[in-house]
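Novice: Quick one: structure below, then a few questions.
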Amino acid sequence: MNENKTVEYEIIDNIGIIKGINPPVNALSHSVRLGLINSLTELNNNQKVEGIVLIGDGRTFFAGADISEFGKPMQQPDLNNVIKTFEESKKPIVAALHGTPLGGGLELAMGCNYRVAISSTKLGLPEVKLGIIPGAGGTQRLPRLAGVEKALAMITSGIPINASDALKSGIIEEVFEDALVANAISFIKSKLQEESHPVASKLTNKISNVNSDIFEEFSKKIKNKLRGRNSPLCAIEAVKAATELEFFQGLEKERELFKLCHDSNESSSLIHMFFSERQALKIPDIPKETKILPINSAAVIGCGTMGGGIAMNFANIGIPVTVIENSQDSLDKGIKIIEKNYSNTVAKGRMSEDDFKNKMSLIKGATSLESISSADVVVEAVFEEMSLKKEMFERIDKIAKENCILATNTSTLDIDQIAESTTRPEYVIGTHFFSPANVMKLLEIVRGKHTSKEVIASTMKLAKTIKKVPVLAGNCDGFIGNRMFHEYVRQAHALAEEGAKVADIDRVIYDFGWAMGPFAVNDLAGNDVGWRIRKRHKQEGKYDNLRYTSTVADQLCELGRYGQKTNRGFYIYDPQTRQKQIDPEVDMMFEKVAKEKGIQRREIDDNEILHRLSWALLNTGCMILEEGFALRASDIDVTYAYGYGYPHWRGGPMRYAQDYGLKKVLEDIESFRKNNSDMWPKCNYLEELVKNNKTFN
Ligand code: 3H9
């Protein structure tokens, strides 16, 4: 064994085994790169060694470059040098893959003569998800191994493929069920007698016989799907270079494009998102060793759109779940919708019949609340009304077993009030799922004043288990996401009253990169949802003193125009195609309301639309931080990226404002405040940050 901490080697018979030991994911940090070169040199110089196996210790083969080194001066040897040394090895090398060989990890494997893998391996080049392109030969070696089309698909999407796909595509040579090291040793031994060994960079001089239309087709696809993104387009350019240039010139082109992407805002924002998502899991007052309550079964109360979607999350990962409705008819309807959702996935070829049957068999229906008695977690997903939820929790409390997590799926209601109706408020927690609950990644977890640390830690863990991105929020009205969204929508309506057209407001937001604009979102979610919340606010005397109270939204609801579900809302929808059409009547309604309120209408430019909407989010986000309802600004960014369709590559609303400059943001807010003080409450936290020249970091 050598002494290097992050890479070790040993010799078994006549085979050298180089092993990366850099937990948790064997990132290729400087010491690993150094260790790899040193180990290889020693094994190459050892007369006894005839072949080499490269593996990763722990849960994965090298999962890529060390992202935390990005933006810092590169310490030599860089990954390209490491891979070059591996390609030039005197002795044949097989990379033995398991876990997630990603990015630089796969690039390193492609620099070895052979690759074999365990069947569960997922491999890919996910760099575009970080706003960069593969920068260690991936764009040049992958198309040489797997063909241009496969390389383009993998590199532009960043989505990993499984081992059998990699085998079919010519990326790996063999797949094993188990005993990776022993099998890899046998594999390389079987190759020792060969006269020469394949080297990916030398497979072809430049790749020929490629229909150049393919690059245009991929660009078109990306421009539609990844609006505003640059790195996937650079990835196409780099792969194209493999068809126009010799390997080393192609590598230089890749380097140039990699640098361009690496230095971009897109990349720093996406890397911010990567680390923020993981940071959100860390709750300062909850130690790592906090007891986690086991969750082997679940119950969901309510099998409407939300309840059904929530139940699917449990079934998807093999947890049996009981869904409860108050009548057989509603239950049948709910289960049918679940079945239809899964059938659609089967029809698209994304789920097998067996898997479908297995998932459906995990979902049991019941019409009696008694059926929750053996569940480890109960998620209540009934109508968003406090009295109903309180009554439900009083009943749940009497039936649920000891240590059962009692979760309420609410988007705005006070968790403490709900908890009060039980004898065990420490077990009550908010779980705000986003619609459609089986698709949307965000799970806003709301901590009540009595919620225990075990229950919080267990719910965060459960969220990860059901493949959600959890963010912990405090118990304020609307929590993090909807409290901010409420202000954003109010701002959109104020803009429409002051003279901006509904379609222009949505266009600016869409062009910025959001999935859709605020009015289109309202129509999709149902305008009656906001109407109900506004009525409650009115009852509670909230916003009474404000000029602006979403008058047109209320008027539309009074006319039964709830949005897509009624084919009419802020837009008119084709009942068949869901295609939306501008409704001039709505702009006229805003004009009329403006007149009644005495608002002087004017031309509003795109810049003002974007900044008023963006800073409404920012200002509210800062207030939430000041009041302690979010742990950190980056949690807010994660909330918006995963729950509200905010463009990840802009880094989230807080990060975007910070990149713009908090001082300039505050100046904008101060100028907006002159016209409309109601909508721009002063936030000391933001003012202090600016005064002290600080950022959220
Ligand atoms: C690249 O390779 C560029 C090259 O082309 C060119 C170079 C010149 N670096 O996600 P987890 C940390 S770009 C540093 O919870 P999982 C992560 O922050 C890279 N740290 O585990 C977390 O830390 P903490 C291409 C990393 O099992 C801990 O590891 N590769 C890296 O759910 C556990 O992570 C990628 O983009 C990294 N590369 O998922 C892969 N990766 O515990 C990025 C992870 O302190 N990584 N960490 O919060 C992933 O996709 C997932 O981490 C992975 C494991 C699927 C590997």
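Following the order of the structure tokens, chains are lettered A, B, ..., residues in each are numbered from 1, and ligands are numbered from 1.
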Identify, counting only C-alpha atoms and all ligand atoms, the protein, DNA and RNA residues located within 6 Å of ligand 1, and give them as a PyMOL selection string.

Specialist: chain A and resi 24-25+27+63-68+79+100+102-104+126-127+134-136+275+278-279

Novice: Leaving out Leu130 (chain A) and any residue of its chain fewer than 2 positions from it, which residues lie within 12 Å of it when counting only C-alpha atoms, given as a count of residues only?

Specialist: 41

Novice: Show me, as a list in words, the residues that have an atom within 8 Å of region 576-590 of chain A when counting only C-alpha atoms, minus same-chain residues fewer than 5 positions from it.

Specialist: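 Residues near the query, excluding close chain neighbours: Ala496, Glu497, Lys501, Val502, Ala503, Val552, Gln564, Asn567, Phe570 and Tyr571 of chain A.
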
Novice: Go ahead and save the picked residues with N, CA and C atoms, as a short mmCIF file (atom, residue, chain, number, x, y, z; two decimals), in the first residue's frame.

Specialist:
data_model
loop_
_atom_site.label_atom_id
_atom_site.label_comp_id
_atom_site.auth_asym_id
_atom_site.auth_seq_id
_atom_site.Cartn_x
_atom_site.Cartn_y
_atom_site.Cartn_z
N ALA A 496 -50.76 45.47 -13.77
CA ALA A 496 -51.84 45.44 -14.77
C ALA A 496 -52.79 46.62 -14.56
N GLU A 497 -53.02 46.99 -13.31
CA GLU A 497 -53.88 48.15 -13.06
C GLU A 497 -53.21 49.44 -13.52
N LYS A 501 -50.05 45.22 -19.83
CA LYS A 501 -51.01 44.22 -20.30
C LYS A 501 -50.69 42.87 -19.66
N VAL A 502 -51.75 42.11 -19.37
CA VAL A 502 -51.59 40.79 -18.75
C VAL A 502 -50.58 39.93 -19.54
N ALA A 503 -50.78 39.89 -20.86
CA ALA A 503 -49.91 39.02 -21.68
C ALA A 503 -48.47 39.52 -21.67
N VAL A 552 -59.60 42.55 -9.84
CA VAL A 552 -59.99 41.84 -11.07
C VAL A 552 -60.04 40.34 -10.84
N GLN A 564 -58.04 27.52 -16.12
CA GLN A 564 -58.07 26.41 -17.09
C GLN A 564 -59.23 25.46 -16.86
N ASN A 567 -62.10 26.79 -18.52
CA ASN A 567 -61.74 27.25 -19.88
C ASN A 567 -61.64 28.77 -19.99
N PHE A 570 -57.78 34.43 -16.70
CA PHE A 570 -57.14 35.63 -17.27
C PHE A 570 -56.98 35.47 -18.77
N TYR A 571 -56.99 34.21 -19.22
CA TYR A 571 -56.94 33.91 -20.66
C TYR A 571 -58.17 33.07 -21.02
#

Novice: Fewer than 5 positions away in the same chain doesn't count, so skip those; otherwise give me all residues within 8 Å of Val508 (chain A), counting only C-alpha atoms, as a PDB file with N, CA, C and O atoms, in the first residue's frame.

Specialist:
ATOM      1  N   GLY A 517     -45.796  32.768 -16.671  1.00  0.00           N
ATOM      2  CA  GLY A 517     -45.998  34.042 -15.971  1.00  0.00           C
ATOM      3  C   GLY A 517     -47.049  33.925 -14.883  1.00  0.00           C
ATOM      4  O   GLY A 517     -47.765  32.918 -14.800  1.00  0.00           O
ATOM      5  N   ASP A 606     -40.618  46.673 -20.023  1.00  0.00           N
ATOM      6  CA  ASP A 606     -40.316  45.301 -19.594  1.00  0.00           C
ATOM      7  C   ASP A 606     -39.405  45.265 -18.367  1.00  0.00           C
ATOM      8  O   ASP A 606     -39.548  44.419 -17.485  1.00  0.00           O
ATOM      9  N   ILE A 609     -41.355  45.825 -15.277  1.00  0.00           N
ATOM     10  CA  ILE A 609     -42.158  44.628 -14.966  1.00  0.00           C
ATOM     11  C   ILE A 609     -41.265  43.598 -14.269  1.00  0.00           C
ATOM     12  O   ILE A 609     -41.578  43.091 -13.186  1.00  0.00           O
ATOM     13  N   LEU A 610     -40.107  43.329 -14.889  1.00  0.00           N
ATOM     14  CA  LEU A 610     -39.220  42.294 -14.346  1.00  0.00           C
ATOM     15  C   LEU A 610     -38.747  42.664 -12.935  1.00  0.00           C
ATOM     16  O   LEU A 610     -38.790  41.842 -12.018  1.00  0.00           O
TER      17      LEU A 610
END

Novice: Can you tell me, as a list in words, what residues are no more than 6 Å from region 6-20 of chain A when counting only C-alpha atoms, ignoring any on the same chain fewer than 3 positions away?

Specialist: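 Near region 6-20 of chain A, the qualifying residues are Met1, Asn2, Val32, Gly35, Lys48, Val49, Glu50, Gly51, Ile52, Val53, Leu54, Ile55, Gly56 and Asp57 of chain A.
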
Novice: Which residue gives the smallest distance to Pro198 (chain A) among A:Lys694, A:Lys333, A:Arg144, A:Arg602, with only C-alpha atoms counted?

Specialist: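 Looking at the shortest contact to Pro198 (chain A), the residue is A:Arg144.
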
Novice: Please determine, counting only C-alpha atoms, which residue among A:Asn619, A:Asp504, A:Leu443, A:Glu498 has the shortest atom-to-atom distance to Asp635 (chain A).

Specialist: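 When distances to Asp635 (chain A) are compared using only C-alpha atoms, the smallest one comes from A:Leu443.
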
Novice: So which residues touch Pro287 (chain A) within 10 Å, counting only C-alpha atoms, skipping near sequence neighbours fewer than 5 positions away, as a PyMOL selection string?

Specialist: chain A and resi 282+453-454+457

Novice: Just the selected residues (N, CA, C and O atoms), exported as a PDB file, in the first residue's frame, please.

Specialist:
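Everything below was put into part.pdb:
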ATOM      1  N   LYS A 282     -29.569  20.586   6.099  1.00  0.00           N
ATOM      2  CA  LYS A 282     -28.877  20.745   7.385  1.00  0.00           C
ATOM      3  C   LYS A 282     -29.618  21.763   8.254  1.00  0.00           C
ATOM      4  O   LYS A 282     -29.721  22.928   7.894  1.00  0.00           O
ATOM      5  N   LYS A 453     -37.850  17.634  17.504  1.00  0.00           N
ATOM      6  CA  LYS A 453     -36.697  17.512  16.607  1.00  0.00           C
ATOM      7  C   LYS A 453     -36.728  16.174  15.871  1.00  0.00           C
ATOM      8  O   LYS A 453     -36.371  16.088  14.702  1.00  0.00           O
ATOM      9  N   GLU A 454     -37.152  15.122  16.570  1.00  0.00           N
ATOM     10  CA  GLU A 454     -37.223  13.790  15.928  1.00  0.00           C
ATOM     11  C   GLU A 454     -38.188  13.829  14.745  1.00  0.00           C
ATOM     12  O   GLU A 454     -37.912  13.267  13.687  1.00  0.00           O
ATOM     13  N   ALA A 457     -36.577  15.864  11.900  1.00  0.00           N
ATOM     14  CA  ALA A 457     -35.503  15.102  11.243  1.00  0.00           C
ATOM     15  C   ALA A 457     -36.094  13.941  10.438  1.00  0.00           C
ATOM     16  O   ALA A 457     -35.657  13.672   9.311  1.00  0.00           O
TER      17      ALA A 457
END

Novice: Please list as a list in words every residue within 12 Å of Asn358 (chain A), counting only C-alpha atoms and excluding residues in the same chain fewer than 3 positions away.

Specialist: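 My reading of the contact set: Met312, Ala315, Asn316, Ile317, Gly318, Ile319, Pro320, Glu339, Tyr342, Met351, Ser352, Glu353, Asp354, Asp355, Ser361, Leu362, Ile363 and Lys364 of chain A.
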
Novice: Keeping C-alpha atoms for every residue in the selection just given, could you write it to a file as an mmCIF file, in the first residue's frame?

Specialist:
data_model
loop_
_atom_site.group_PDB
_atom_site.id
_atom_site.type_symbol
_atom_site.label_atom_id
_atom_site.label_comp_id
_atom_site.auth_asym_id
_atom_site.auth_seq_id
_atom_site.Cartn_x
_atom_site.Cartn_y
_atom_site.Cartn_z
ATOM 1 C CA MET A 312 -48.184 7.854 -5.367
ATOM 2 C CA ALA A 315 -46.021 3.670 -3.613
ATOM 3 C CA ASN A 316 -43.258 4.779 -5.978
ATOM 4 C CA ILE A 317 -40.603 3.842 -3.466
ATOM 5 C CA GLY A 318 -42.320 0.706 -2.156
ATOM 6 C CA ILE A 319 -44.011 2.034 1.005
ATOM 7 C CA PRO A 320 -47.557 0.636 1.342
ATOM 8 C CA GLU A 339 -54.368 4.338 -12.023
ATOM 9 C CA TYR A 342 -49.537 5.315 -13.835
ATOM 10 C CA MET A 351 -42.862 2.007 -16.578
ATOM 11 C CA SER A 352 -43.311 -1.732 -17.068
ATOM 12 C CA GLU A 353 -46.658 -3.508 -16.626
ATOM 13 C CA ASP A 354 -45.194 -5.405 -13.653
ATOM 14 C CA ASP A 355 -44.059 -2.206 -12.026
ATOM 15 C CA SER A 361 -50.928 -3.205 -5.174
ATOM 16 C CA LEU A 362 -49.217 -0.950 -2.623
ATOM 17 C CA ILE A 363 -52.140 1.497 -2.635
ATOM 18 C CA LYS A 364 -55.160 0.410 -0.597
#

Novice: Enter the distance from CA of Met654 (chain A) to CA of Asn693 (chain A), in Å, rounded to one decimal.

Specialist: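 Calculated distance between CA of Met654 (chain A) and CA of Asn693 (chain A) is 15.7 Å.
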
Novice: Looking only at helix (DSSP H, G or I) from DSSP on the backbone, list the matching residues of region 565-632 of chain A as JSON, numbers by chain.

Specialist: {"A": [565, 566, 584, 585, 586, 587, 588, 589, 590, 591, 592, 593, 594, 595, 596, 597, 606, 607, 608, 609, 610, 611, 612, 613, 614, 615, 616, 617, 618, 619, 620, 621, 622, 623, 624, 625, 626]}

Novice: Using the selection just defined, write its residues with N, CA, C and O atoms as a CSV table (one decimal), in the first residue's frame.

Specialist:
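The result, written out as again39.csv:
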chain,number,residue,atom,x,y,z
A,565,LYS,N,-59.6,25.2,-15.6
A,565,LYS,CA,-60.6,24.2,-15.3
A,565,LYS,C,-62.0,24.7,-15.8
A,565,LYS,O,-62.9,23.9,-16.0
A,566,THR,N,-62.2,26.0,-16.0
A,566,THR,CA,-63.5,26.5,-16.5
A,566,THR,C,-63.3,27.1,-18.0
A,566,THR,O,-64.1,27.8,-18.5
A,584,PRO,N,-59.0,40.2,-24.3
A,584,PRO,CA,-58.9,41.7,-24.2
A,584,PRO,C,-59.9,42.2,-23.1
A,584,PRO,O,-59.6,43.3,-22.5
A,585,GLU,N,-60.9,41.4,-22.9
A,585,GLU,CA,-61.9,41.8,-21.8
A,585,GLU,C,-61.2,42.0,-20.5
A,585,GLU,O,-61.5,42.9,-19.7
A,586,VAL,N,-60.2,41.1,-20.2
A,586,VAL,CA,-59.5,41.2,-18.9
A,586,VAL,C,-58.7,42.5,-18.8
A,586,VAL,O,-58.7,43.1,-17.8
A,587,ASP,N,-58.0,42.8,-19.9
A,587,ASP,CA,-57.2,44.1,-19.8
A,587,ASP,C,-58.2,45.3,-19.6
A,587,ASP,O,-57.9,46.2,-18.9
A,588,MET,N,-59.4,45.2,-20.2
A,588,MET,CA,-60.3,46.2,-20.0
A,588,MET,C,-60.8,46.3,-18.6
A,588,MET,O,-61.1,47.3,-18.0
A,589,MET,N,-61.0,45.1,-18.0
A,589,MET,CA,-61.4,45.1,-16.6
A,589,MET,C,-60.4,45.8,-15.7
A,589,MET,O,-60.7,46.5,-14.8
A,590,PHE,N,-59.1,45.5,-16.0
A,590,PHE,CA,-58.0,46.2,-15.2
A,590,PHE,C,-58.1,47.7,-15.4
A,590,PHE,O,-57.9,48.5,-14.5
A,591,GLU,N,-58.4,48.1,-16.6
A,591,GLU,CA,-58.5,49.5,-16.9
A,591,GLU,C,-59.6,50.2,-16.1
A,591,GLU,O,-59.4,51.3,-15.6
A,592,LYS,N,-60.7,49.5,-16.1
A,592,LYS,CA,-61.9,50.0,-15.4
A,592,LYS,C,-61.6,50.1,-13.9
A,592,LYS,O,-61.9,51.1,-13.2
A,593,VAL,N,-61.0,49.1,-13.4
A,593,VAL,CA,-60.7,49.1,-11.9
A,593,VAL,C,-59.7,50.2,-11.6
A,593,VAL,O,-59.9,50.9,-10.6
A,594,ALA,N,-58.8,50.4,-12.5
A,594,ALA,CA,-57.8,51.5,-12.3
A,594,ALA,C,-58.5,52.8,-12.2
A,594,ALA,O,-58.2,53.7,-11.3
A,595,LYS,N,-59.5,53.0,-13.0
A,595,LYS,CA,-60.3,54.3,-13.1
A,595,LYS,C,-61.0,54.4,-11.7
A,595,LYS,O,-60.9,55.5,-11.1
A,596,GLU,N,-61.6,53.4,-11.3
A,596,GLU,CA,-62.4,53.4,-10.0
A,596,GLU,C,-61.4,53.7,-8.8
A,596,GLU,O,-61.8,54.4,-7.9
A,597,LYS,N,-60.2,53.2,-8.9
A,597,LYS,CA,-59.3,53.5,-7.8
A,597,LYS,C,-58.5,54.8,-8.0
A,597,LYS,O,-57.6,55.1,-7.2
A,606,ASP,N,-40.6,46.7,-20.0
A,606,ASP,CA,-40.3,45.3,-19.6
A,606,ASP,C,-39.4,45.3,-18.4
A,606,ASP,O,-39.5,44.4,-17.5
A,607,ASN,N,-38.5,46.2,-18.4
A,607,ASN,CA,-37.5,46.3,-17.2
A,607,ASN,C,-38.2,46.5,-15.9
A,607,ASN,O,-37.9,45.8,-14.9
A,608,GLU,N,-39.2,47.4,-15.9
A,608,GLU,CA,-39.9,47.7,-14.7
A,608,GLU,C,-40.7,46.5,-14.3
A,608,GLU,O,-40.8,46.1,-13.1
A,609,ILE,N,-41.4,45.8,-15.3
A,609,ILE,CA,-42.2,44.6,-15.0
A,609,ILE,C,-41.3,43.6,-14.3
A,609,ILE,O,-41.6,43.1,-13.2
A,610,LEU,N,-40.1,43.3,-14.9
A,610,LEU,CA,-39.2,42.3,-14.3
A,610,LEU,C,-38.7,42.7,-12.9
A,610,LEU,O,-38.8,41.8,-12.0
A,611,HIS,N,-38.3,43.9,-12.8
A,611,HIS,CA,-37.8,44.3,-11.5
A,611,HIS,C,-38.8,44.4,-10.4
A,611,HIS,O,-38.6,44.0,-9.2
A,612,ARG,N,-40.0,44.9,-10.7
A,612,ARG,CA,-41.0,45.0,-9.6
A,612,ARG,C,-41.4,43.6,-9.2
A,612,ARG,O,-41.6,43.3,-8.0
A,613,LEU,N,-41.5,42.7,-10.1
A,613,LEU,CA,-41.9,41.3,-9.7
A,613,LEU,C,-40.8,40.6,-9.0
A,613,LEU,O,-41.0,40.0,-8.0
A,614,SER,N,-39.5,40.8,-9.5
A,614,SER,CA,-38.4,40.1,-8.9
A,614,SER,C,-38.1,40.7,-7.5
A,614,SER,O,-37.9,39.9,-6.5
A,615,TRP,N,-38.2,42.0,-7.3
A,615,TRP,CA,-37.9,42.6,-6.0
A,615,TRP,C,-39.0,42.4,-5.0
A,615,TRP,O,-38.8,42.4,-3.8
A,616,ALA,N,-40.3,42.2,-5.5
A,616,ALA,CA,-41.4,41.9,-4.6
A,616,ALA,C,-41.0,40.5,-3.9
A,616,ALA,O,-41.2,40.4,-2.7
A,617,LEU,N,-40.5,39.6,-4.7
A,617,LEU,CA,-40.1,38.3,-4.1
A,617,LEU,C,-38.9,38.5,-3.1
A,617,LEU,O,-38.9,38.0,-2.0
A,618,LEU,N,-37.9,39.3,-3.6
A,618,LEU,CA,-36.7,39.5,-2.8
A,618,LEU,C,-37.1,40.2,-1.5
A,618,LEU,O,-36.6,39.8,-0.4
A,619,ASN,N,-37.9,41.3,-1.5
A,619,ASN,CA,-38.2,42.0,-0.3
A,619,ASN,C,-38.9,41.1,0.7
A,619,ASN,O,-38.6,41.1,1.9
A,620,THR,N,-39.9,40.3,0.2
A,620,THR,CA,-40.6,39.5,1.1
A,620,THR,C,-39.7,38.4,1.6
A,620,THR,O,-39.7,38.0,2.8
A,621,GLY,N,-38.8,37.9,0.7
A,621,GLY,CA,-37.8,36.8,1.2
A,621,GLY,C,-37.0,37.4,2.3
A,621,GLY,O,-36.7,36.7,3.3
A,622,CYS,N,-36.6,38.6,2.2
A,622,CYS,CA,-35.7,39.2,3.2
A,622,CYS,C,-36.5,39.4,4.5
A,622,CYS,O,-36.0,39.2,5.6
A,623,MET,N,-37.8,39.7,4.4
A,623,MET,CA,-38.6,39.8,5.6
A,623,MET,C,-38.7,38.5,6.3
A,623,MET,O,-38.7,38.3,7.5
A,624,ILE,N,-38.9,37.4,5.5
A,624,ILE,CA,-39.0,36.1,6.0
A,624,ILE,C,-37.7,35.7,6.7
A,624,ILE,O,-37.8,35.1,7.8
A,625,LEU,N,-36.6,36.1,6.2
A,625,LEU,CA,-35.3,35.8,6.8
A,625,LEU,C,-35.2,36.6,8.1
A,625,LEU,O,-34.8,36.1,9.2
A,626,GLU,N,-35.6,37.8,8.1
A,626,GLU,CA,-35.5,38.7,9.3
A,626,GLU,C,-36.3,38.1,10.4
A,626,GLU,O,-35.9,38.1,11.6

Novice: Pick out the closest residue to Lys202 (chain A) from this set: A:Ala235, A:Ala366, A:Leu145, A:Val665. Count only C-alpha atoms.

Specialist: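 Answer, going by the shortest atom-to-atom distance: A:Leu145.
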
Novice: Taking the backbone alone, and naming residues the way the document does, which bits of region 174-408 of chain A are strand (DSSP E) by DSSP, as a PyMOL selection string?

Specialist: chain A and resi 174-176+298-301+321-324+363-366+377-380+405-408

Novice: Take the residues from that selection and put them in a file with N, CA, C and O atoms, as an mmCIF file, in the first residue's frame.

Specialist:
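Generated file (result-v3.cif):
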data_model
loop_
_atom_site.group_PDB
_atom_site.id
_atom_site.type_symbol
_atom_site.label_atom_id
_atom_site.label_comp_id
_atom_site.auth_asym_id
_atom_site.auth_seq_id
_atom_site.Cartn_x
_atom_site.Cartn_y
_atom_site.Cartn_z
ATOM 1 N N GLU A 174 -18.393 -4.915 -20.505
ATOM 2 C CA GLU A 174 -19.087 -6.025 -19.846
ATOM 3 C C GLU A 174 -19.847 -5.543 -18.631
ATOM 4 O O GLU A 174 -19.465 -4.545 -18.005
ATOM 5 N N VAL A 175 -20.934 -6.256 -18.302
ATOM 6 C CA VAL A 175 -21.716 -5.921 -17.111
ATOM 7 C C VAL A 175 -21.740 -7.143 -16.202
ATOM 8 O O VAL A 175 -21.946 -8.261 -16.672
ATOM 9 N N PHE A 176 -21.530 -6.910 -14.905
ATOM 10 C CA PHE A 176 -21.560 -8.014 -13.933
ATOM 11 C C PHE A 176 -22.660 -7.749 -12.917
ATOM 12 O O PHE A 176 -22.995 -6.597 -12.630
ATOM 13 N N ALA A 298 -47.788 4.148 5.338
ATOM 14 C CA ALA A 298 -48.319 5.515 5.354
ATOM 15 C C ALA A 298 -49.824 5.507 5.135
ATOM 16 O O ALA A 298 -50.374 4.533 4.624
ATOM 17 N N ALA A 299 -50.454 6.599 5.551
ATOM 18 C CA ALA A 299 -51.873 6.782 5.238
ATOM 19 C C ALA A 299 -52.050 8.211 4.750
ATOM 20 O O ALA A 299 -51.383 9.134 5.249
ATOM 21 N N VAL A 300 -52.883 8.386 3.745
ATOM 22 C CA VAL A 300 -53.154 9.725 3.231
ATOM 23 C C VAL A 300 -54.659 9.945 3.324
ATOM 24 O O VAL A 300 -55.447 9.127 2.825
ATOM 25 N N ILE A 301 -55.047 11.032 3.994
ATOM 26 C CA ILE A 301 -56.482 11.295 4.142
ATOM 27 C C ILE A 301 -56.916 12.271 3.055
ATOM 28 O O ILE A 301 -56.410 13.395 2.981
ATOM 29 N N VAL A 321 -49.356 2.233 1.206
ATOM 30 C CA VAL A 321 -50.075 3.436 1.622
ATOM 31 C C VAL A 321 -51.588 3.200 1.527
ATOM 32 O O VAL A 321 -52.071 2.605 0.571
ATOM 33 N N THR A 322 -52.292 3.660 2.567
ATOM 34 C CA THR A 322 -53.754 3.571 2.551
ATOM 35 C C THR A 322 -54.308 4.960 2.276
ATOM 36 O O THR A 322 -53.915 5.929 2.945
ATOM 37 N N VAL A 323 -55.197 5.062 1.278
ATOM 38 C CA VAL A 323 -55.833 6.361 1.033
ATOM 39 C C VAL A 323 -57.264 6.305 1.562
ATOM 40 O O VAL A 323 -57.957 5.302 1.382
ATOM 41 N N ILE A 324 -57.662 7.388 2.214
ATOM 42 C CA ILE A 324 -58.978 7.380 2.855
ATOM 43 C C ILE A 324 -59.863 8.481 2.274
ATOM 44 O O ILE A 324 -59.432 9.635 2.152
ATOM 45 N N ILE A 363 -51.163 0.463 -3.008
ATOM 46 C CA ILE A 363 -52.140 1.497 -2.635
ATOM 47 C C ILE A 363 -53.480 0.838 -2.294
ATOM 48 O O ILE A 363 -54.104 0.199 -3.136
ATOM 49 N N LYS A 364 -53.872 0.986 -1.025
ATOM 50 C CA LYS A 364 -55.160 0.410 -0.597
ATOM 51 C C LYS A 364 -56.114 1.567 -0.305
ATOM 52 O O LYS A 364 -55.703 2.605 0.210
ATOM 53 N N GLY A 365 -57.381 1.359 -0.632
ATOM 54 C CA GLY A 365 -58.365 2.392 -0.354
ATOM 55 C C GLY A 365 -59.200 2.025 0.863
ATOM 56 O O GLY A 365 -59.371 0.845 1.180
ATOM 57 N N ALA A 366 -59.716 3.027 1.563
ATOM 58 C CA ALA A 366 -60.594 2.770 2.712
ATOM 59 C C ALA A 366 -61.530 3.958 2.882
ATOM 60 O O ALA A 366 -61.212 5.081 2.469
ATOM 61 N N VAL A 377 -46.866 7.164 9.309
ATOM 62 C CA VAL A 377 -47.061 8.588 9.019
ATOM 63 C C VAL A 377 -48.457 8.755 8.424
ATOM 64 O O VAL A 377 -48.896 7.938 7.613
ATOM 65 N N VAL A 378 -49.152 9.799 8.882
ATOM 66 C CA VAL A 378 -50.460 10.118 8.308
ATOM 67 C C VAL A 378 -50.339 11.492 7.664
ATOM 68 O O VAL A 378 -49.884 12.442 8.307
ATOM 69 N N VAL A 379 -50.695 11.578 6.392
ATOM 70 C CA VAL A 379 -50.694 12.892 5.741
ATOM 71 C C VAL A 379 -52.144 13.273 5.486
ATOM 72 O O VAL A 379 -52.848 12.600 4.731
ATOM 73 N N GLU A 380 -52.566 14.315 6.143
ATOM 74 C CA GLU A 380 -53.944 14.780 5.935
ATOM 75 C C GLU A 380 -53.933 15.715 4.724
ATOM 76 O O GLU A 380 -53.120 16.648 4.655
ATOM 77 N N ILE A 405 -46.108 10.095 12.839
ATOM 78 C CA ILE A 405 -45.956 11.496 12.409
ATOM 79 C C ILE A 405 -47.298 11.956 11.849
ATOM 80 O O ILE A 405 -47.885 11.289 10.994
ATOM 81 N N LEU A 406 -47.785 13.083 12.351
ATOM 82 C CA LEU A 406 -49.091 13.596 11.908
ATOM 83 C C LEU A 406 -48.843 14.818 11.032
ATOM 84 O O LEU A 406 -48.539 15.905 11.530
ATOM 85 N N ALA A 407 -48.935 14.613 9.743
ATOM 86 C CA ALA A 407 -48.588 15.691 8.813
ATOM 87 C C ALA A 407 -49.837 16.283 8.193
ATOM 88 O O ALA A 407 -50.784 15.568 7.876
ATOM 89 N N THR A 408 -49.817 17.610 8.030
ATOM 90 C CA THR A 408 -50.927 18.254 7.340
ATOM 91 C C THR A 408 -50.414 18.863 6.048
ATOM 92 O O THR A 408 -49.395 19.561 6.038
#

Novice: Mind pulling up the distance from CA of Ser634 (chain A) to CA of Glu69 (chain A)?

Specialist: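 These atoms are spaced 19.8 Å apart.
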
Novice: Of the residues A:Arg447, A:Lys168, A:Lys691, A:Arg532, which is the one nearest to Lys150 (chain A), using only C-alpha atoms?

Specialist: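 Comparing A:Arg447, A:Lys168, A:Lys691, A:Arg532 against Lys150 (chain A), the winner is A:Lys168.
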
Novice: Quick check, in Å to one decimal: how far apart do CA of Ala463 (chain A) and CA of Phe433 (chain A) lie?

Specialist: 10.2 Å

Novice: Pick the closest to Arg255 (chain A) from A:Glu394, A:Asn697, A:Ser208, A:Asn80: which is it, counting only C-alpha atoms?

Specialist: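 Closest candidate: A:Asn80.
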
Novice: Calculated over only C-alpha atoms, which of the candidates A:Cys476, A:Ile118, A:Leu226, A:Asn205 has the smallest distance to Asn183 (chain A)?

Specialist: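 Of the candidates, the smallest distance to Asn183 (chain A) is held by A:Ile118.
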